[in-house]
Amino acid sequence: MTGIGIAEKPRPQMGRLREREAPWKDPAATAYIRIERVSKKFGDFTAVDDVTLDIYRGEIFCLLGGSGCGKTTLLRMLAGFEASTGGRIFIDGHDMAGVPPFKRPVNMMFQSYALFPHMTVEKNVAFGLKQEGMPKNEIAQRVAEMLALVKLEEFARRKPHQLSGGQRQRVALARSLIKRPKLLLLDEPLGALDKRLREHTQFELVNIQERLGVTFIVVTHDQEEAMTLATRIGVMNHGRIVQVGTPHEIYEFPKTRFTAEFIGNVNMFEGRVIEDEPGHVLIESADLGGRIHVGHGISSAPDAAVWAAVRPEKMILAREAPRERFNAAPGTIREVAYMGDVSIYLVQLDSGRTVRVTQPNTRRHADGAFTWDDRVWVWWHESSAVVVTE
Amino acid sequence: MVHTLSLLQRRFGITGRRLVIAVPWVWLLLFFLIPFLIVLEISFAHTRLGVPPYTPLWEWTSEHALHLSLSAANYLFLARETLYLDAFLSSMKVAFISTFFCLLVAYPMAYGIARASARWRNTLLLLVVLPFWTSFLVRVYAWIGLLRNNGLINNVLMGLGLIHEPIVMMQTDFAMYIGIVYSYLPFMILPLYSNLEKHDNTLLEAAVNLGATPFKAFLQITLPLSLPGMIAGSMLVFIPAVGEFVIPRLLGGNNTLMIGRVLWDEFFNNRNWPEASAVAMTLLLVLVLPIMIFQRYQAREAGAGLHR
């Protein structure tokens, strides 16, 4: 598969960006796609609300959010299918205002794939080049290269209805990449595939993106998809960008309750700040039935209501009370779910709250394992919890 | 009832499902197949004076033999007499041109309705179907009122001073085509609409996203995908238009030769039932062919699953 000359000239910056070369941390780097205070209103409904985003060349940027959060509308504005009601969009320095969709250097892979049912795979893929009036032999060569890239050479003469879901997805990808766009928009690219195929396709997608050096903006409601694909994730809620960060930042350092709860599982403990020092915070939490000690400072009003978020895999189950005075509570195991690699425990704390704890199954034998109605202590390290204020 | 049914089921294998299917079969048998066979029979008979005005195909002779006489004369006459061939060809031409103009007028209308907001769509469809609530003849006569020399159109044009003498429109091919296109338009609009309405708008977005202007996207996506609707509508217009009789008679000139008119003249003026039946059978054969082609196309399309 190597040596497919999709990009004729070596590009200045190829491949998926690793965090260590993160341009978003470099103040001198210029954004490739700049979304400036963009809004979209449909009548009284605000679908996208004052969004500002900088996306850099070679990124896979995921817009993540539930249905109706405005992520698809934002994508459609980038493609030019919807006009923004406020703000501006720049692609590679060019203001996109008034540029019709057929003149934008942007291609899109649709959620439904939108393959042309009356055309063969070949014709579907060639469609974009045909519109440019490219000579036929050149089109044929480019289409052959692209079909090789997505491993669909044998299916060139088939019609879309003669293909499986995964094959259709690859036709859609090939068709959207054939014009070598500066920016590829992907609307739930893996949404219609079954779980096994998704995982496989996910990595394939990243591979192709790395090879071609195209910038991807992916819309998804699936946090797992976003985590594995993205260089950065923009979490959206009610038309606003709630948080932008690398998958690691989003997961480990959520800034809001929404982010923490939307991505992965989390145990939330409501409480009052009773001590807020630069090095630590102490929270009195009735939810936990004790005090929470967090190893980082926050700047909050004293006595403010806050939430401490703790991921299930960062909680520890023990038979004995831990030495720490904080971040621990006794409880009773109510549910156990054996998942193979991990087990999930639902523990009812003495405060009445039920928490979710995940423990890796490091040993093969089940002797001495926690089970239903065991009295246990749940605790976590002071670095494990994150305080969110909204 | 239940008892009777279960009894019938046990005795004769008659089930509720079969009974339901039997209704359309019986209908077709009584009102299509039997009349068809009668016409077929007459087409092989000779004409005679009397009631019925044709000779029977079979009779018992005095020697107790079944005397069967099938006359191909009517068909041979059809082939020999150029009047019939001319009438067939002329009817085909009229039907073809009418279908073409129907398509031309109906496509933008169907497209417009399919693209209209859901609130308007039903109203617009109703407006298309509304003329059917008036008698067909009344509508054709209304066109006479519009087109004749001292009709509405000429009066308005003369009143505005655009013309000084009335334009002769009645008794011309122009008036006939207007009448046919007007009368058959809904048959073209409805199948086209039902096709266009199912189109997935994201296909057009995908085409535009790949660099096609909206017009090129229409030509490359919408038009080929609406082909089944165009064919269905064209069949619905073409087939009855070939046999059209009333509109050419009322609006068209006397020299427009139509097979429907020939058929009428044979039946009612010449009282030559066998010849008229032969014309009808030939017409049926000529028209069944395109229908069969159409059905094969439809079957192929259904197999291909053009619309997910």
# chains A, B, ... in the order shown; residues from 1 in each chain; ligands from 1
>>> interface_residues(of="chain B", to="chain A", cutoff="7 Å", atoms="only C-alpha atoms", output="list of chain:residue names")
B:Thr202, B:Leu203, B:Ala206, B:Val208, B:Asn209, B:Leu210, B:Gly211, B:Ala212, B:Thr213, B:Leu225, B:Leu306
>>> select_by_dssp(residues="region 227-372 of chain A", states="helix (DSSP H, G or I)", output="mmCIF file with C-alpha atoms, in the first residue's frame")
data_model
loop_
_atom_site.group_PDB
_atom_site.id
_atom_site.type_symbol
_atom_site.label_atom_id
_atom_site.label_comp_id
_atom_site.auth_asym_id
_atom_site.auth_seq_id
_atom_site.Cartn_x
_atom_site.Cartn_y
_atom_site.Cartn_z
ATOM 1 C CA MET A 227 -11.194 9.980 21.474
ATOM 2 C CA THR A 228 -9.498 7.620 19.019
ATOM 3 C CA LEU A 229 -9.619 9.874 15.955
ATOM 4 C CA PRO A 247 -8.626 13.798 24.097
ATOM 5 C CA HIS A 248 -6.439 13.459 27.178
ATOM 6 C CA GLU A 249 -7.220 16.964 28.421
ATOM 7 C CA ILE A 250 -10.921 16.541 27.798
ATOM 8 C CA TYR A 251 -11.045 13.249 29.646
ATOM 9 C CA GLU A 252 -8.766 14.003 32.534
ATOM 10 C CA ARG A 257 -19.945 19.084 34.583
ATOM 11 C CA PHE A 258 -21.299 18.687 31.058
ATOM 12 C CA THR A 259 -17.919 17.697 29.625
ATOM 13 C CA ALA A 260 -17.158 15.368 32.500
ATOM 14 C CA GLU A 261 -20.494 13.598 32.233
ATOM 15 C CA PHE A 262 -20.652 13.530 28.433
ATOM 16 C CA PRO A 312 -14.667 5.039 37.976
ATOM 17 C CA GLU A 313 -11.288 3.554 37.035
ATOM 18 C CA LYS A 314 -9.506 5.963 39.371
#
>>> closest_residue(among="B:Asn269, B:Glu41, B:Gly252, B:Leu125", to="Thr55 (chain B)", atoms="only C-alpha atoms")
B:Glu41
>>> residues_around(residues="Arg356 (chain A)", least_positions_apart="6", cutoff="10 Å", atoms="only C-alpha atoms", output="VMD selection string")
chain A and resid 265 to 267 310 to 313 315 333 335 to 336 344 to 348 378
>>> residues_around(residues="region 321-329 of chain A", least_positions_apart="4", cutoff="6 Å", atoms="only C-alpha atoms", output="ChimeraX atom specification")
/A:291-293,377-380
>>> write_last_selection(atoms="N, CA and C atoms", output="PDB file, in the first residue's frame")
ATOM      1  N   ARG A 291     -15.055  14.431  53.538  1.00  0.00           N
ATOM      2  CA  ARG A 291     -14.409  15.552  52.899  1.00  0.00           C
ATOM      3  C   ARG A 291     -13.581  15.090  51.703  1.00  0.00           C
ATOM      4  N   ILE A 292     -13.513  15.978  50.708  1.00  0.00           N
ATOM      5  CA  ILE A 292     -12.744  15.667  49.512  1.00  0.00           C
ATOM      6  C   ILE A 292     -11.557  16.603  49.461  1.00  0.00           C
ATOM      7  N   HIS A 293     -10.389  16.036  49.290  1.00  0.00           N
ATOM      8  CA  HIS A 293      -9.158  16.804  49.206  1.00  0.00           C
ATOM      9  C   HIS A 293      -8.663  16.695  47.781  1.00  0.00           C
ATOM     10  N   TRP A 377     -14.501  -0.238  51.399  1.00  0.00           N
ATOM     11  CA  TRP A 377     -14.176   1.185  51.399  1.00  0.00           C
ATOM     12  C   TRP A 377     -13.879   1.592  49.963  1.00  0.00           C
ATOM     13  N   VAL A 378     -14.411   2.754  49.587  1.00  0.00           N
ATOM     14  CA  VAL A 378     -14.094   3.324  48.280  1.00  0.00           C
ATOM     15  C   VAL A 378     -13.220   4.536  48.540  1.00  0.00           C
ATOM     16  N   TRP A 379     -12.071   4.591  47.848  1.00  0.00           N
ATOM     17  CA  TRP A 379     -11.229   5.785  48.034  1.00  0.00           C
ATOM     18  C   TRP A 379     -10.457   6.100  46.764  1.00  0.00           C
ATOM     19  N   TRP A 380      -9.835   7.268  46.733  1.00  0.00           N
ATOM     20  CA  TRP A 380      -9.040   7.651  45.573  1.00  0.00           C
ATOM     21  C   TRP A 380      -7.937   8.609  45.979  1.00  0.00           C
TER      22      TRP A 380
END
>>> residues_around(residues="Pro214 (chain B)", least_positions_apart="3", cutoff="9 Å", atoms="only C-alpha atoms", output="compact mmCIF listing (two decimals) with C-alpha atoms, in the first residue's frame")
# COMPACT_ATOMS: atom_id res chain seq x y z
CA PHE A 102 -19.36 24.37 -5.31
CA LEU B 204 -27.70 17.20 -4.58
CA GLU B 205 -25.69 18.61 -1.71
CA ALA B 207 -22.93 16.88 -6.04
CA VAL B 208 -22.64 20.60 -5.30
CA ALA B 217 -26.23 18.76 -10.32
CA PHE B 218 -29.81 18.73 -11.56
CA LEU B 219 -28.76 17.38 -14.95
>>> closest_residue(among="A:Ser343, A:Tyr32, A:Thr371, A:Gly86", to="Phe216 (chain A)", atoms="only C-alpha atoms")
A:Tyr32
>>> residues_around(residues="region 155-157 of chain A", least_positions_apart="5", cutoff="6 Å", atoms="only C-alpha atoms", output="list of chain:residue names")
A:Thr120, A:Val121, A:Glu122
>>> select_by_dssp(residues="region 91-337 of chain A", states="strand (DSSP E)", output="PyMOL selection string")
chain A and resi 91+94-95+106-109+183-187+215-220+232-237+240-245+267-276+281-285+290-294+305-310+316-318+328-337
>>> residues_around(residues="region 280-297 of chain B", least_positions_apart="6", cutoff="9 Å", atoms="only C-alpha atoms", output="ChimeraX atom specification")
/B:36,39-40,43,75,88,228,231-232,235,239,242-243,259-260,263
>>> atom_distance(atom1="CA of Val48 (chain A)", atom2="CA of Cys69 (chain A)")
7.8 Å
>>> closest_residue(among="A:Lys136, A:Lys255, A:Lys40, A:Arg168", to="Lys71 (chain A)", atoms="only C-alpha atoms")
A:Lys40
>>> atom_distance(atom1="CA of Phe267 (chain B)", atom2="CA of Leu28 (chain B)")
24.6 Å
>>> decode(residues="region 39-68 of chain B", atoms="N, CA and C atoms", output="mmCIF file, in the first residue's frame")
data_model
loop_
_atom_site.group_PDB
_atom_site.id
_atom_site.type_symbol
_atom_site.label_atom_id
_atom_site.label_comp_id
_atom_site.auth_asym_id
_atom_site.auth_seq_id
_atom_site.Cartn_x
_atom_site.Cartn_y
_atom_site.Cartn_z
ATOM 1 N N VAL B 39 -64.791 -8.941 -28.374
ATOM 2 C CA VAL B 39 -64.264 -8.076 -29.439
ATOM 3 C C VAL B 39 -63.358 -8.892 -30.357
ATOM 4 N N LEU B 40 -62.551 -9.756 -29.752
ATOM 5 C CA LEU B 40 -61.665 -10.607 -30.543
ATOM 6 C C LEU B 40 -62.485 -11.477 -31.495
ATOM 7 N N GLU B 41 -63.581 -12.019 -30.964
ATOM 8 C CA GLU B 41 -64.447 -12.878 -31.760
ATOM 9 C C GLU B 41 -65.034 -12.098 -32.941
ATOM 10 N N ILE B 42 -65.558 -10.899 -32.625
ATOM 11 C CA ILE B 42 -66.199 -10.107 -33.682
ATOM 12 C C ILE B 42 -65.203 -9.752 -34.778
ATOM 13 N N SER B 43 -63.946 -9.530 -34.369
ATOM 14 C CA SER B 43 -62.953 -9.082 -35.351
ATOM 15 C C SER B 43 -62.681 -10.154 -36.416
ATOM 16 N N PHE B 44 -63.076 -11.411 -36.118
ATOM 17 C CA PHE B 44 -62.872 -12.481 -37.104
ATOM 18 C C PHE B 44 -64.163 -12.814 -37.866
ATOM 19 N N ALA B 45 -65.216 -12.001 -37.628
ATOM 20 C CA ALA B 45 -66.506 -12.293 -38.253
ATOM 21 C C ALA B 45 -66.680 -11.456 -39.519
ATOM 22 N N HIS B 46 -67.797 -11.717 -40.222
ATOM 23 C CA HIS B 46 -68.174 -10.894 -41.370
ATOM 24 C C HIS B 46 -69.283 -9.964 -40.944
ATOM 25 N N THR B 47 -69.358 -8.839 -41.637
ATOM 26 C CA THR B 47 -70.465 -7.939 -41.336
ATOM 27 C C THR B 47 -71.728 -8.425 -42.045
ATOM 28 N N ARG B 48 -72.889 -8.143 -41.475
ATOM 29 C CA ARG B 48 -74.162 -8.500 -42.101
ATOM 30 C C ARG B 48 -75.236 -7.544 -41.591
ATOM 31 N N LEU B 49 -76.307 -7.521 -42.250
ATOM 32 C CA LEU B 49 -77.416 -6.695 -41.788
ATOM 33 C C LEU B 49 -78.215 -7.495 -40.790
ATOM 34 N N GLY B 50 -78.510 -6.891 -39.646
ATOM 35 C CA GLY B 50 -79.288 -7.619 -38.664
ATOM 36 C C GLY B 50 -78.796 -7.323 -37.268
ATOM 37 N N VAL B 51 -79.326 -8.064 -36.316
ATOM 38 C CA VAL B 51 -78.904 -7.926 -34.927
ATOM 39 C C VAL B 51 -78.431 -9.288 -34.446
ATOM 40 N N PRO B 52 -77.212 -9.439 -33.979
ATOM 41 C CA PRO B 52 -76.113 -8.474 -34.058
ATOM 42 C C PRO B 52 -75.602 -8.316 -35.489
ATOM 43 N N PRO B 53 -74.944 -7.206 -35.784
ATOM 44 C CA PRO B 53 -74.598 -6.948 -37.185
ATOM 45 C C PRO B 53 -73.330 -7.671 -37.641
ATOM 46 N N TYR B 54 -73.154 -8.903 -37.204
ATOM 47 C CA TYR B 54 -72.001 -9.677 -37.679
ATOM 48 C C TYR B 54 -72.367 -11.151 -37.686
ATOM 49 N N THR B 55 -71.669 -11.916 -38.483
ATOM 50 C CA THR B 55 -71.964 -13.342 -38.587
ATOM 51 C C THR B 55 -71.373 -14.080 -37.403
ATOM 52 N N PRO B 56 -72.047 -15.151 -36.932
ATOM 53 C CA PRO B 56 -71.455 -15.934 -35.847
ATOM 54 C C PRO B 56 -70.224 -16.696 -36.348
ATOM 55 N N LEU B 57 -69.300 -16.958 -35.407
ATOM 56 C CA LEU B 57 -68.066 -17.649 -35.794
ATOM 57 C C LEU B 57 -68.304 -19.138 -36.000
ATOM 58 N N TRP B 58 -69.197 -19.696 -35.184
ATOM 59 C CA TRP B 58 -69.461 -21.122 -35.345
ATOM 60 C C TRP B 58 -70.961 -21.385 -35.338
ATOM 61 N N GLU B 59 -71.357 -22.422 -36.058
ATOM 62 C CA GLU B 59 -72.764 -22.833 -36.016
ATOM 63 C C GLU B 59 -72.844 -24.317 -36.348
ATOM 64 N N TRP B 60 -73.926 -24.937 -35.856
ATOM 65 C CA TRP B 60 -74.184 -26.336 -36.186
ATOM 66 C C TRP B 60 -74.838 -26.384 -37.566
ATOM 67 N N THR B 61 -74.186 -27.079 -38.467
ATOM 68 C CA THR B 61 -74.809 -27.203 -39.787
ATOM 69 C C THR B 61 -75.837 -28.316 -39.738
ATOM 70 N N SER B 62 -76.617 -28.438 -40.774
ATOM 71 C CA SER B 62 -77.664 -29.459 -40.810
ATOM 72 C C SER B 62 -77.063 -30.860 -40.805
ATOM 73 N N GLU B 63 -75.752 -30.972 -41.199
ATOM 74 C CA GLU B 63 -75.118 -32.307 -41.196
ATOM 75 C C GLU B 63 -74.529 -32.648 -39.824
ATOM 76 N N HIS B 64 -74.938 -31.920 -38.783
ATOM 77 C CA HIS B 64 -74.434 -32.132 -37.431
ATOM 78 C C HIS B 64 -72.929 -31.946 -37.342
ATOM 79 N N ALA B 65 -72.428 -31.019 -38.139
ATOM 80 C CA ALA B 65 -70.999 -30.706 -38.044
ATOM 81 C C ALA B 65 -70.870 -29.295 -37.489
ATOM 82 N N LEU B 66 -69.781 -29.090 -36.751
ATOM 83 C CA LEU B 66 -69.531 -27.745 -36.249
ATOM 84 C C LEU B 66 -68.845 -26.968 -37.358
ATOM 85 N N HIS B 67 -69.524 -25.941 -37.818
ATOM 86 C CA HIS B 67 -68.977 -25.149 -38.904
ATOM 87 C C HIS B 67 -68.336 -23.900 -38.314
ATOM 88 N N LEU B 68 -67.030 -23.846 -38.418
ATOM 89 C CA LEU B 68 -66.281 -22.741 -37.827
ATOM 90 C C LEU B 68 -65.739 -21.877 -38.955
#
